[in-house]
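Participant: My file is run_20.txt. It has compact mmCIF, C-alpha atoms:
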# COMPACT_ATOMS: atom_id res chain seq x y z
CA MET A 240 54.24 1.75 15.68
CA THR A 241 53.79 3.14 19.17
CA ARG A 242 52.31 0.97 21.89
CA ARG A 243 49.43 3.39 22.40
CA LEU A 244 48.57 3.36 18.73
CA LYS A 245 48.71 -0.42 18.68
CA ILE A 246 46.35 -0.62 21.64
CA ALA A 247 44.07 1.93 20.07
CA LEU A 248 43.95 -0.02 16.83
CA ILE A 249 43.26 -3.31 18.59
CA ALA A 250 40.63 -1.70 20.77
CA ALA A 251 39.09 -0.05 17.76
CA SER A 252 38.87 -3.30 15.82
CA VAL A 253 37.39 -5.17 18.77
CA SER A 254 34.80 -2.55 19.49
CA LEU A 255 33.74 -2.44 15.87
CA LEU A 256 31.81 -5.56 16.70
CA ALA A 257 30.40 -4.08 19.87
CA LEU A 258 28.59 -1.12 18.34
CA PRO A 259 25.22 -0.86 20.03
CA ALA A 260 22.34 -2.43 18.16
CA GLN A 261 19.25 -0.36 17.46
CA ALA A 262 17.14 -0.93 20.57
CA HIS A 263 13.96 0.60 19.25
CA ARG A 264 11.97 0.71 16.08
CA ALA A 265 11.32 3.92 14.20
CA TRP A 266 8.20 4.08 12.05
CA LEU A 267 5.69 6.18 10.19
CA LEU A 268 2.07 5.13 10.32
CA PRO A 269 -0.30 6.71 7.80
CA SER A 270 -4.01 6.84 8.65
CA ALA A 271 -4.66 5.15 5.32
CA THR A 272 -2.51 4.11 2.38
CA VAL A 273 -5.19 3.51 -0.23
CA LEU A 274 -7.53 6.43 -0.84
CA SER A 275 -10.20 7.47 -3.29
CA GLY A 276 -11.86 10.78 -4.01
CA ALA A 277 -10.60 14.16 -5.06
CA ASP A 278 -10.00 15.80 -1.71
CA ALA A 279 -8.07 13.05 0.05
CA TRP A 280 -6.10 13.75 3.22
CA ILE A 281 -4.02 11.52 5.43
CA THR A 282 -2.66 12.02 8.88
CA VAL A 283 0.59 10.29 9.80
CA ASP A 284 2.00 9.24 13.14
CA ALA A 285 5.76 9.15 13.55
CA ALA A 286 7.20 7.41 16.56
CA ILE A 287 10.02 5.36 17.99
CA SER A 288 8.91 2.45 20.12
CA ASN A 289 9.50 -1.13 21.12
CA ASP A 290 6.23 -2.68 20.05
CA LEU A 291 4.43 -2.16 16.80
CA PHE A 292 2.57 -0.06 16.26
CA TYR A 293 2.19 1.33 19.76
CA PHE A 294 3.22 4.72 21.05
CA GLU A 295 5.19 4.09 24.22
CA HIS A 296 8.63 5.62 23.94
CA HIS A 297 9.59 8.72 21.91
CA PRO A 298 8.08 10.93 19.25
CA MET A 299 10.08 10.99 16.03
CA GLN A 300 11.85 14.20 15.08
CA LEU A 301 10.36 15.52 11.87
CA ASP A 302 13.13 17.97 10.97
CA ASN A 303 14.22 15.75 8.11
CA LEU A 304 10.79 14.74 6.87
CA SER A 305 10.27 15.00 3.14
CA ILE A 306 7.21 14.10 1.12
CA GLU A 307 7.51 13.39 -2.56
CA GLY A 308 4.36 13.72 -4.66
CA PRO A 309 3.33 11.78 -7.77
CA ASP A 310 4.98 14.37 -10.03
CA GLY A 311 8.27 14.09 -8.15
CA LYS A 312 7.81 17.48 -6.49
CA THR A 313 7.98 18.06 -2.76
CA VAL A 314 4.73 18.34 -0.84
CA ALA A 315 4.63 20.29 2.40
CA PRO A 316 3.25 18.58 5.49
CA GLU A 317 0.58 20.43 7.46
CA ASN A 318 -0.49 20.62 11.07
CA GLN A 319 2.72 19.20 12.49
CA GLY A 320 2.67 18.40 16.13
CA LYS A 321 4.79 16.66 18.69
CA GLY A 322 3.33 14.89 21.66
CA ARG A 323 4.87 12.80 24.35
CA TYR A 324 4.95 9.57 22.42
CA ARG A 325 4.42 10.51 18.81
CA SER A 326 4.75 13.28 16.27
CA THR A 327 2.00 13.79 13.75
CA PHE A 328 1.51 15.59 10.47
CA ASP A 329 -1.15 15.78 7.80
CA VAL A 330 -0.73 15.53 4.05
CA LYS A 331 -3.22 16.75 1.50
CA LEU A 332 -3.13 14.45 -1.52
CA VAL A 333 -3.94 17.04 -4.13
CA GLN A 334 -3.01 14.93 -7.14
CA PRO A 335 -3.87 11.31 -7.77
CA GLY A 336 -0.95 8.92 -7.62
CA THR A 337 1.60 7.63 -5.15
CA TYR A 338 3.34 9.69 -2.48
CA ARG A 339 6.49 8.71 -0.62
CA LEU A 340 7.03 9.89 2.94
CA THR A 341 10.63 9.81 4.14
CA VAL A 342 12.46 10.78 7.30
CA MET A 343 16.17 10.64 6.69
CA ASN A 344 18.74 11.16 9.41
CA GLN A 345 22.47 11.27 9.26
CA GLY A 346 24.78 11.60 12.17
CA VAL A 347 27.97 10.55 13.77
CA PHE A 348 28.35 8.72 17.05
CA ALA A 349 31.63 8.46 18.82
CA ASN A 350 32.76 7.00 22.07
CA TYR A 351 36.20 7.27 23.49
CA LYS A 352 38.16 7.17 26.76
CA VAL A 353 39.76 10.09 28.51
CA ASP A 354 41.55 9.39 31.80
CA GLY A 355 39.83 6.04 32.06
CA GLN A 356 36.36 7.61 31.67
CA THR A 357 34.19 6.64 28.73
CA LYS A 358 32.76 9.61 26.90
CA ARG A 359 30.13 9.69 24.21
CA TRP A 360 29.55 12.22 21.52
CA ARG A 361 26.96 12.58 18.85
CA GLY A 362 26.69 15.23 16.19
CA LYS A 363 27.47 16.21 12.65
CA ALA A 364 30.47 14.93 10.72
CA ALA A 365 31.82 18.46 10.33
CA ASP A 366 32.08 18.89 14.11
CA LEU A 367 33.73 15.54 14.81
CA GLU A 368 37.37 16.50 14.69
CA LYS A 369 36.98 19.32 17.17
CA ALA A 370 34.81 17.22 19.48
CA ILE A 371 37.31 14.49 20.31
CA PRO A 372 40.20 15.55 22.53
CA ALA A 373 43.78 14.83 21.46
CA ASN A 374 44.41 12.55 24.43
CA ALA A 375 41.41 10.33 23.78
CA THR A 376 41.95 6.60 23.49
CA ASP A 377 39.80 3.72 22.28
CA VAL A 378 38.05 5.95 19.84
CA ASN A 379 35.12 4.38 18.04
CA ILE A 380 33.38 6.36 15.39
CA SER A 381 30.21 5.31 13.67
CA GLU A 382 28.58 7.18 10.85
CA ASN A 383 24.88 6.46 10.85
CA HIS A 384 22.58 6.96 7.93
CA SER A 385 18.96 5.98 8.35
CA ARG A 386 15.89 6.19 6.22
CA VAL A 387 12.33 5.60 7.50
CA GLU A 388 9.59 5.51 4.88
CA SER A 389 6.00 4.87 4.08
CA PHE A 390 3.83 5.17 0.97
CA VAL A 391 0.27 6.29 0.22
CA THR A 392 -1.74 6.33 -2.98
CA SER A 393 -4.78 8.36 -3.95
CA GLY A 394 -6.58 6.85 -6.92
CA LYS A 395 -4.43 5.04 -9.45
CA PRO A 396 -0.95 4.03 -8.22
CA SER A 397 2.07 5.63 -9.89
CA THR A 398 5.81 5.13 -9.62
CA ASP A 399 7.52 8.48 -10.15
CA ALA A 400 7.83 9.11 -6.42
CA LEU A 401 9.41 5.69 -5.87
CA LYS A 402 12.66 6.42 -7.71
CA PRO A 403 15.82 5.76 -5.66
CA THR A 404 18.20 8.57 -4.77
CA GLY A 405 21.31 6.42 -4.99
CA SER A 406 22.44 7.27 -1.50
CA GLY A 407 22.33 5.10 1.58
CA LEU A 408 20.25 1.96 2.03
CA GLU A 409 17.05 2.19 -0.02
CA MET A 410 14.16 -0.01 -1.02
CA ILE A 411 12.99 -0.11 -4.60
CA PRO A 412 9.50 -1.63 -4.76
CA VAL A 413 9.13 -4.24 -7.48
CA THR A 414 5.60 -4.82 -6.25
CA HIS A 415 3.90 -1.48 -5.74
CA PRO A 416 3.81 -0.82 -1.97
CA ASN A 417 0.14 0.22 -2.07
CA ASN A 418 -0.94 -2.86 -3.97
CA LEU A 419 -0.37 -5.42 -1.22
CA ALA A 420 -2.97 -8.02 -0.29
CA ALA A 421 -3.14 -10.84 2.23
CA GLY A 422 -1.91 -14.18 0.93
CA GLU A 423 -0.07 -12.64 -2.01
CA LYS A 424 3.68 -12.46 -2.57
CA ALA A 425 5.34 -9.07 -2.82
CA THR A 426 8.86 -8.40 -4.04
CA PHE A 427 11.23 -5.58 -3.14
CA ARG A 428 14.86 -4.74 -3.82
CA LEU A 429 17.44 -3.14 -1.56
CA THR A 430 20.26 -0.98 -2.83
CA LEU A 431 23.15 0.57 -0.96
CA ASP A 432 24.43 3.76 -2.59
CA GLY A 433 22.70 2.71 -5.77
CA GLN A 434 24.24 -0.77 -5.91
CA PRO A 435 22.40 -4.05 -5.17
CA ALA A 436 22.56 -4.81 -1.43
CA SER A 437 22.97 -8.58 -1.43
CA GLY A 438 23.05 -10.90 1.55
CA VAL A 439 21.24 -8.39 3.76
CA ASP A 440 18.80 -9.67 6.39
CA VAL A 441 15.41 -8.02 6.34
CA GLU A 442 13.22 -8.25 9.41
CA VAL A 443 9.46 -8.33 8.74
CA VAL A 444 7.18 -7.69 11.71
CA PRO A 445 3.37 -7.58 11.65
CA GLY A 446 1.74 -5.07 13.99
CA GLY A 447 -0.63 -5.94 16.78
CA ILE A 448 1.55 -7.85 19.27
CA ARG A 449 -0.51 -6.53 22.16
CA TYR A 450 -3.35 -8.90 21.39
CA ARG A 451 -1.44 -12.09 20.78
CA ASP A 452 1.42 -14.16 22.20
CA LYS A 453 3.73 -14.70 19.26
CA LEU A 454 5.47 -11.84 17.51
CA ASN A 455 5.16 -13.66 14.15
CA ASP A 456 8.19 -11.88 12.82
CA SER A 457 10.18 -13.35 9.97
CA LYS A 458 13.56 -12.82 8.43
CA VAL A 459 14.38 -12.92 4.75
CA THR A 460 17.77 -12.38 3.15
CA THR A 461 18.28 -10.44 -0.07
CA ASP A 462 19.74 -12.36 -3.00
CA ALA A 463 22.59 -11.33 -5.29
CA SER A 464 20.44 -8.66 -6.92
CA GLY A 465 19.35 -7.28 -3.55
CA THR A 466 15.88 -8.75 -4.04
CA PHE A 467 13.67 -10.26 -1.36
CA SER A 468 10.06 -11.44 -1.27
CA VAL A 469 7.40 -11.66 1.39
CA THR A 470 4.16 -13.60 1.29
CA TRP A 471 1.81 -11.79 3.66
CA PRO A 472 0.17 -14.18 6.10
CA GLY A 473 -2.68 -11.77 6.80
CA PRO A 474 -3.86 -8.17 6.44
CA GLY A 475 -2.56 -5.30 8.56
CA PHE A 476 0.40 -2.99 8.84
CA TYR A 477 3.87 -4.52 8.62
CA TRP A 478 7.24 -3.04 9.51
CA MET A 479 10.23 -4.10 7.45
CA SER A 480 13.75 -3.18 8.42
CA ALA A 481 17.33 -3.83 7.33
CA SER A 482 20.76 -2.44 8.09
CA VAL A 483 24.25 -2.80 6.72
CA ARG A 484 27.52 -2.18 8.53
CA ASP A 485 30.68 -1.54 6.59
CA ASP A 486 33.77 0.63 6.66
CA LYS A 487 32.83 2.73 3.66
CA SER A 488 32.39 5.88 5.68
CA GLN A 489 33.68 9.19 4.32
CA ILE A 490 35.02 9.80 7.81
CA LYS A 491 38.50 8.51 8.58
CA ASN A 492 38.57 5.42 10.82
CA ALA A 493 34.83 5.33 11.09
CA GLN A 494 32.44 2.47 10.66
CA ARG A 495 29.33 3.10 8.67
CA ARG A 496 25.86 1.91 9.51
CA SER A 497 23.15 2.36 6.89
CA SER A 498 19.64 1.41 7.80
CA TYR A 499 16.25 1.36 6.12
CA SER A 500 12.82 0.71 7.52
CA THR A 501 9.35 1.03 6.09
CA THR A 502 5.74 0.57 7.11
CA VAL A 503 3.49 -1.05 4.52
CA GLU A 504 -0.21 -1.78 4.69
CA VAL A 505 -1.49 -5.15 3.51
CA LEU A 506 -5.22 -5.14 2.76
CA PRO A 507 -7.51 -8.16 2.97
CA GLN A 508 -8.70 -9.84 -0.21
CA MET B 128 -40.38 -3.97 -55.49
CA ARG B 129 -40.19 -1.32 -52.77
CA LEU B 130 -41.98 -3.68 -50.36
CA LEU B 131 -39.46 -6.44 -51.04
CA ILE B 132 -36.50 -4.15 -50.38
CA SER B 133 -37.89 -2.81 -47.11
CA ALA B 134 -38.71 -6.34 -45.95
CA ALA B 135 -35.16 -7.40 -46.73
CA LEU B 136 -33.78 -4.40 -44.86
CA THR B 137 -35.95 -5.20 -41.84
CA THR B 138 -34.59 -8.75 -41.77
CA LEU B 139 -31.04 -7.38 -41.89
CA ALA B 140 -31.79 -4.98 -39.05
CA THR B 141 -33.39 -7.61 -36.82
CA GLY B 142 -30.64 -10.10 -37.64
CA SER B 143 -28.92 -8.85 -34.47
CA ALA B 144 -31.88 -10.05 -32.40
CA MET B 145 -29.70 -13.17 -32.19
CA ALA B 146 -27.90 -11.28 -29.38
CA SER B 147 -27.55 -12.99 -26.00
CA GLU B 148 -28.96 -11.38 -22.93
CA ALA B 149 -27.81 -11.34 -19.34
CA THR B 150 -30.12 -10.37 -16.48
CA ILE B 151 -28.75 -9.83 -13.01
CA SER B 152 -31.20 -9.88 -10.13
CA ILE B 153 -29.75 -8.56 -6.89
CA ASP B 154 -31.33 -8.42 -3.45
CA ILE B 155 -30.18 -5.65 -1.14
CA PRO B 156 -31.09 -6.97 2.31
CA GLN B 157 -33.24 -5.09 4.78
CA LEU B 158 -31.06 -4.68 7.88
CA ASN B 159 -32.15 -3.86 11.39
CA VAL B 160 -29.31 -1.58 12.47
CA ALA B 161 -29.11 1.64 14.45
CA GLU B 162 -27.72 3.69 11.56
CA TYR B 163 -28.53 2.37 8.11
CA HIS B 164 -26.90 3.56 4.86
CA LYS B 165 -27.62 2.11 1.44
CA PRO B 166 -24.58 0.11 0.35
CA TYR B 167 -22.01 0.96 -2.29
CA VAL B 168 -22.19 -1.88 -4.82
CA ALA B 169 -19.93 -2.71 -7.75
CA MET B 170 -20.63 -5.39 -10.36
CA TRP B 171 -18.12 -6.56 -12.89
CA VAL B 172 -17.11 -9.49 -15.04
CA GLU B 173 -13.66 -10.95 -14.97
CA ALA B 174 -12.10 -13.75 -16.98
CA ALA B 175 -11.89 -17.05 -15.08
CA ASP B 176 -8.14 -16.54 -14.55
CA GLY B 177 -8.76 -13.12 -13.05
CA GLY B 178 -7.74 -11.14 -16.12
CA LYS B 179 -9.73 -8.81 -18.42
CA ILE B 180 -12.17 -6.83 -16.31
CA THR B 181 -15.47 -5.57 -17.70
CA ASN B 182 -17.33 -3.14 -15.45
CA LEU B 183 -21.11 -3.49 -15.37
CA ALA B 184 -22.40 -1.15 -12.68
CA VAL B 185 -21.27 0.95 -9.72
CA TRP B 186 -23.81 2.25 -7.20
CA TYR B 187 -22.46 4.97 -4.94
CA ASP B 188 -23.63 8.17 -3.29
CA THR B 189 -23.79 10.43 -6.31
CA LYS B 190 -25.81 13.04 -4.42
CA HIS B 191 -22.89 14.30 -2.32
CA LYS B 192 -21.84 17.76 -3.39
CA ASP B 193 -18.46 18.13 -5.05
CA ASN B 194 -18.57 14.42 -5.87
CA GLU B 195 -17.55 13.66 -2.28
CA GLY B 196 -19.24 10.29 -2.45
CA THR B 197 -16.15 9.02 -4.29
CA LYS B 198 -14.27 9.14 -0.97
CA TRP B 199 -15.67 5.74 0.00
CA LEU B 200 -15.31 3.96 -3.34
CA LYS B 201 -12.06 2.44 -2.08
CA ASP B 202 -14.09 0.54 0.55
CA VAL B 203 -15.43 -1.63 -2.25
CA ARG B 204 -11.91 -2.86 -1.96
CA GLN B 205 -11.60 -5.76 -4.38
CA TRP B 206 -13.30 -3.74 -7.10
CA TRP B 207 -11.20 -0.67 -6.29
CA ARG B 208 -7.98 -2.62 -6.58
CA ARG B 209 -8.91 -4.59 -9.70
CA THR B 210 -10.41 -1.77 -11.72
CA GLY B 211 -12.08 1.05 -9.80
CA ARG B 212 -8.97 3.09 -9.11
CA GLU B 213 -8.35 3.45 -12.85
CA LEU B 214 -11.81 4.86 -13.55
CA THR B 215 -13.18 8.38 -13.31
CA LEU B 216 -16.58 8.51 -11.71
CA PRO B 217 -19.33 9.46 -12.29
CA ALA B 218 -19.30 7.60 -15.60
CA ASP B 219 -22.26 7.52 -17.96
CA GLY B 220 -23.85 4.13 -18.29
CA LEU B 221 -21.79 2.77 -15.39
CA SER B 222 -22.40 4.66 -12.19
CA SER B 223 -25.70 5.49 -10.56
CA PRO B 224 -27.03 6.25 -7.06
CA THR B 225 -27.15 3.70 -4.27
CA ARG B 226 -30.27 1.54 -4.13
CA ALA B 227 -32.61 0.83 -1.24
CA PRO B 228 -33.24 -2.61 0.26
CA GLY B 229 -35.25 -4.82 -2.10
CA ASN B 230 -34.82 -6.53 -5.43
CA HIS B 231 -33.10 -4.79 -8.34
CA GLN B 232 -32.65 -6.02 -11.88
CA LEU B 233 -30.09 -5.11 -14.50
CA LYS B 234 -30.29 -6.25 -18.11
CA PHE B 235 -27.38 -6.44 -20.50
CA ASP B 236 -27.46 -7.19 -24.20
CA SER B 237 -24.50 -8.76 -25.95
CA ALA B 238 -24.97 -6.41 -28.89
CA ALA B 239 -24.38 -3.37 -26.70
CA LYS B 240 -21.67 -2.18 -24.34
CA PRO B 241 -20.21 -3.46 -22.15
CA LEU B 242 -20.98 -7.11 -22.99
CA ASN B 243 -20.25 -6.65 -26.69
CA GLU B 244 -16.57 -6.61 -25.70
CA LEU B 245 -16.75 -10.07 -24.13
CA THR B 246 -15.00 -12.73 -26.22
CA PRO B 247 -16.14 -16.34 -25.85
CA GLY B 248 -14.80 -18.00 -22.72
CA SER B 249 -15.19 -18.73 -19.02
CA TYR B 250 -15.95 -15.79 -16.76
CA GLN B 251 -17.05 -14.81 -13.29
CA LEU B 252 -19.66 -12.26 -12.41
CA VAL B 253 -18.44 -10.50 -9.28
CA ILE B 254 -20.63 -8.41 -6.99
CA GLU B 255 -19.11 -6.53 -4.07
CA ALA B 256 -21.01 -4.45 -1.53
CA ALA B 257 -19.68 -2.16 1.23
CA ARG B 258 -21.94 -0.37 3.69
CA GLU B 259 -21.12 2.77 5.66
CA VAL B 260 -20.65 1.88 9.35
CA GLY B 261 -21.35 -1.67 8.24
CA GLY B 262 -19.52 -4.53 6.59
CA ARG B 263 -18.47 -5.72 3.20
CA GLU B 264 -19.33 -8.80 1.17
CA LEU B 265 -18.26 -10.22 -2.18
CA LEU B 266 -20.02 -12.87 -4.27
CA ARG B 267 -18.91 -14.67 -7.43
CA ILE B 268 -20.99 -16.44 -10.05
CA PRO B 269 -19.08 -18.36 -12.74
CA PHE B 270 -20.55 -18.54 -16.24
CA GLU B 271 -19.73 -19.39 -19.83
CA TRP B 272 -20.06 -16.78 -22.55
CA PRO B 273 -21.85 -16.75 -24.90
CA PRO B 274 -24.54 -18.97 -23.40
CA LYS B 275 -25.44 -21.92 -25.61
CA ALA B 276 -28.65 -22.59 -23.70
CA PRO B 277 -30.70 -20.57 -21.18
CA THR B 278 -28.91 -20.78 -17.81
CA THR B 279 -29.57 -19.55 -14.32
CA ALA B 280 -26.91 -19.42 -11.65
CA ASP B 281 -27.02 -17.81 -8.27
CA ALA B 282 -25.12 -16.97 -5.12
CA LYS B 283 -26.39 -16.01 -1.72
CA GLY B 284 -24.85 -13.44 0.54
CA GLU B 285 -24.91 -13.69 4.30
CA SER B 286 -24.66 -10.11 5.42
CA GLU B 287 -24.47 -7.19 3.02
CA LEU B 288 -25.98 -8.95 0.00
CA GLY B 289 -28.98 -11.20 -0.35
CA ALA B 290 -29.60 -13.53 -3.27
CA VAL B 291 -27.94 -12.66 -6.58
CA THR B 292 -29.10 -14.45 -9.70
CA LEU B 293 -27.57 -14.41 -13.17
CA LYS B 294 -29.91 -15.43 -16.00
CA LEU B 295 -28.41 -15.93 -19.43
CA THR B 296 -30.42 -16.39 -22.58
CA PRO B 297 -28.74 -17.18 -25.92
Using structure tokens, write down the structure from this file.

Facilitator:
Amino acid sequence: MTRRLKIALIAASVSLLALPAQAHRAWLLPSATVLSGADAWITVDAAISNDLFYFEHHPMQLDNLSIEGPDGKTVAPENQGKGRYRSTFDVKLVQPGTYRLTVMNQGVFANYKVDGQTKRWRGKAADLEKAIPANATDVNISENHSRVESFVTSGKPSTDALKPTGSGLEMIPVTHPNNLAAGEKATFRLTLDGQPASGVDVEVVPGGIRYRDKLNDSKVTTDASGTFSVTWPGPGFYWMSASVRDDKSQIKNAQRRSSYSTTVEVLPQ
Amino acid sequence: MRLLISAALTTLATGSAMASEATISIDIPQLNVAEYHKPYVAMWVEAADGGKITNLAVWYDTKHKDNEGTKWLKDVRQWWRRTGRELTLPADGLSSPTRAPGNHQLKFDSAAKPLNELTPGSYQLVIEAAREVGGRELLRIPFEWPPKAPTTADAKGESELGAVTLKLTP
């Protein structure tokens, strides 16, 4: 084994641990999650920020937004807009039942050294090979797969739109996500590529930090079946997020980071 | 002979006069607010453990065209979550327009729907009110069914509901 290769391998293994953590939170915020009446509409904010649920950083890109209706068919968003701190879109809830809103992003991040200079690259997996020069050293590649979701129900809740896709980190609601109430316990399950995601830490953060001192966040770890439970201390919107790092990327020598986050609304009793 | 038969038949027919009766008296409070709307009110019976729901009445804005008044039914949130979201309104014998401030009475007979579905046991009468640009209040009155003796139980609201009384006669 050449010295350069050895160094590269050592550097690669060391920097696997040093992959940057997600500095901000990405979230969808529906105007309501429980609706009644035949002609129900919602408007949804989509943003990336530090504090929840405040718009203070970046609007979310909606290129990969998909809305699944109660019959499993795709629903088109309307009136999309992008402002300085948030993107917005409206959804007409034509049928009764539960809708799932998802923004899914996949991408590759790489950093490497050329002539002592650190370079960064980000793009699609297909373009990776061409992007990194032959004389690059300390190459770190991370394949990122992220899913950001929320759920709304018009009338009677249904479950057809909650079916997992079997790809990436996903949450399967055991408790219906639009049937959450303060003081009650709710249960959810995480899967990674369709398999139970066990031993994964889930961060649970209630919104509204601006008007109090303590974040009141909590952490819960999924059990062997990927299941975790939360007992809601009070009503409001909550953000839940988890991520898994492994080396199961389709890309050679790449680390994989799969993340999931969701916004759920907990109503008062 | 004919007289005897018709007398016997009458007795059979009035045999069901043994039916219990429930009367609910509900006070919608007069409120001194800038913009007043008559509240949406839902009344239902649930088993003491929270199971088996029996809807009694739903007052909402039935006058809205295209049934738009149903848009705010979800604000009667405990009722919506427990039972309302499974119903289709308007529903004969269940839904009716909102009522003005004052006293309103509803009578239910155990021989007729919906109380004829109630099996003997411990229950709660639940009344929930939600007012447009106002608040929401929920009251519970526990009772035993069927009543073995005449009983009166009440609850008093503080904001969106006044006094609610449940009178049961065996």

Participant: Please compute the CA of Ser482 (chain A)-CA of Ala421 (chain A) distance, one decimal, in Å.

Facilitator: 26.0 Å

Participant: Name the residues in contact with Pro156 (chain B) at a cut-off of 10 Å, using only C-alpha atoms, excluding same-chain residues fewer than 6 positions from it; report them as a list in words.

Facilitator: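 Neighbouring residues, sequence-local ones excluded: Lys165, Pro166, Ala227, Pro228, Gly229, Asn230, Gly284, Glu285, Ser286, Glu287, Leu288, Gly289 and Ala290 of chain B.
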
Participant: Just need the residues of chain A within 9 Å of chain B, counting all atoms listed in the file, so spit them out as a PDB file with C-alpha atoms, keeping the file's coordinate frame.

Facilitator:
ATOM      1  CA  VAL A 273      -5.190   3.510  -0.230  1.00  0.00           C
ATOM      2  CA  LEU A 274      -7.530   6.430  -0.840  1.00  0.00           C
ATOM      3  CA  SER A 275     -10.200   7.470  -3.290  1.00  0.00           C
ATOM      4  CA  GLY A 276     -11.860  10.780  -4.010  1.00  0.00           C
ATOM      5  CA  ALA A 277     -10.600  14.160  -5.060  1.00  0.00           C
ATOM      6  CA  ASP A 278     -10.000  15.800  -1.710  1.00  0.00           C
ATOM      7  CA  ALA A 279      -8.070  13.050   0.050  1.00  0.00           C
ATOM      8  CA  SER A 393      -4.780   8.360  -3.950  1.00  0.00           C
ATOM      9  CA  GLY A 394      -6.580   6.850  -6.920  1.00  0.00           C
ATOM     10  CA  LYS A 395      -4.430   5.040  -9.450  1.00  0.00           C
ATOM     11  CA  PRO A 396      -0.950   4.030  -8.220  1.00  0.00           C
ATOM     12  CA  ASN A 418      -0.940  -2.860  -3.970  1.00  0.00           C
ATOM     13  CA  LEU A 506      -5.220  -5.140   2.760  1.00  0.00           C
ATOM     14  CA  PRO A 507      -7.510  -8.160   2.970  1.00  0.00           C
ATOM     15  CA  GLN A 508      -8.700  -9.840  -0.210  1.00  0.00           C
TER      16      GLN A 508
END

Participant: From the list B:Lys234, B:Lys275, B:Arg263, B:Lys192, which residue is nearest Pro247 (chain B) when using all atoms listed in the file?

Facilitator: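 Between B:Lys234, B:Lys275, B:Arg263, B:Lys192, the residue approaching Pro247 (chain B) most closely is B:Lys275.
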
Participant: So what do you get for CA of Leu242 (chain B) versus CA of Val168 (chain B), distance-wise?

Facilitator: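 Straight-line distance from CA of Leu242 (chain B) to CA of Val168 (chain B) works out to 18.9 Å.
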
Participant: I'd like to know which of A:Gln489, A:Asn383, A:Thr414, A:Ser480 is closest to Glu442 (chain A), using only C-alpha atoms.

Facilitator: A:Ser480

Participant: CA of Ala349 (chain A) to CA of Ala265 (chain A): how many Å, to one decimal?

Facilitator: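 That distance, rounded to one decimal, is 21.3 Å.
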
Participant: Using all atoms listed in the file, determine which residues lie at most 9 Å from Arg267 (chain B), disregarding the query and same-chain residues fewer than 2 positions distant; provide the list as a PDB file with C-alpha atoms, in the frame of the given file.

Facilitator:
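result_24.pdb was written with the following content:
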ATOM      1  CA  GLN B 251     -17.050 -14.810 -13.290  1.00  0.00           C
ATOM      2  CA  LEU B 252     -19.660 -12.260 -12.410  1.00  0.00           C
ATOM      3  CA  VAL B 253     -18.440 -10.500  -9.280  1.00  0.00           C
ATOM      4  CA  ILE B 254     -20.630  -8.410  -6.990  1.00  0.00           C
ATOM      5  CA  GLU B 255     -19.110  -6.530  -4.070  1.00  0.00           C
ATOM      6  CA  LEU B 265     -18.260 -10.220  -2.180  1.00  0.00           C
ATOM      7  CA  PRO B 269     -19.080 -18.360 -12.740  1.00  0.00           C
ATOM      8  CA  ASP B 281     -27.020 -17.810  -8.270  1.00  0.00           C
ATOM      9  CA  ALA B 282     -25.120 -16.970  -5.120  1.00  0.00           C
TER      10      ALA B 282
END

Participant: Between A:Ile490, A:Val503, A:Ile411, A:Ala425, which has the minimum distance to Asp399 (chain A) (counting all atoms listed in the file)?

Facilitator: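 Under the stated criterion, the closest residue is A:Ile411.
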
Participant: Can you tell me, as a VMD selection string, what residues are no more than 9 Å from Glu295 (chain A) when counting only C-alpha atoms, ignoring any on the same chain fewer than 3 positions away?

Facilitator: chain A and resid 286 to 290 298 323 to 325

Participant: Using only C-alpha atoms, which residue out of B:Trp206, B:Ser223, B:Leu158, B:Ala238 lies closest to Lys190 (chain B)?

Facilitator: B:Ser223

Participant: Compile the contact shell of Thr181 (chain B) as a list in words: residues with an atom at most 9 Å away, counting all atoms listed in the file, same-chain residues fewer than 2 positions apart removed.

Facilitator: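 Counting only the stated atoms, we get Met170, Trp171, Val172, Glu173, Ala174, Lys179, Leu183, Thr210, Pro241, Leu242, Glu244 and Leu245 of chain B.
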
Participant: Residues near Gly322 (chain A), anyone? I mean within 12 Å using all atoms listed in the file, not counting same-chain ones fewer than 3 positions away, as a compact mmCIF listing (two decimals) with C-alpha atoms, keeping the file's coordinate frame.

Facilitator:
# COMPACT_ATOMS: atom_id res chain seq x y z
CA ASP A 284 2.00 9.24 13.14
CA ALA A 285 5.76 9.15 13.55
CA ALA A 286 7.20 7.41 16.56
CA PHE A 294 3.22 4.72 21.05
CA GLU A 295 5.19 4.09 24.22
CA HIS A 296 8.63 5.62 23.94
CA HIS A 297 9.59 8.72 21.91
CA PRO A 298 8.08 10.93 19.25
CA MET A 299 10.08 10.99 16.03
CA GLN A 300 11.85 14.20 15.08
CA GLN A 319 2.72 19.20 12.49
CA ARG A 325 4.42 10.51 18.81
CA SER A 326 4.75 13.28 16.27
CA THR A 327 2.00 13.79 13.75
CA PHE A 328 1.51 15.59 10.47

Participant: Choose the residue, out of A:Val483, A:Val469, A:Ala271, A:Tyr499, that has the smallest atom-to-atom separation from Glu409 (chain A); count only C-alpha atoms.

Facilitator: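 Using only C-alpha atoms, Glu409 (chain A) sits closest to A:Tyr499.
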
Participant: Closest to Ala493 (chain A) among A:Thr313, A:Asn303, A:Ser381, A:Gln434, using all atoms listed in the file?

Facilitator: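 Nearest candidate to Ala493 (chain A) out of A:Thr313, A:Asn303, A:Ser381, A:Gln434: A:Ser381.
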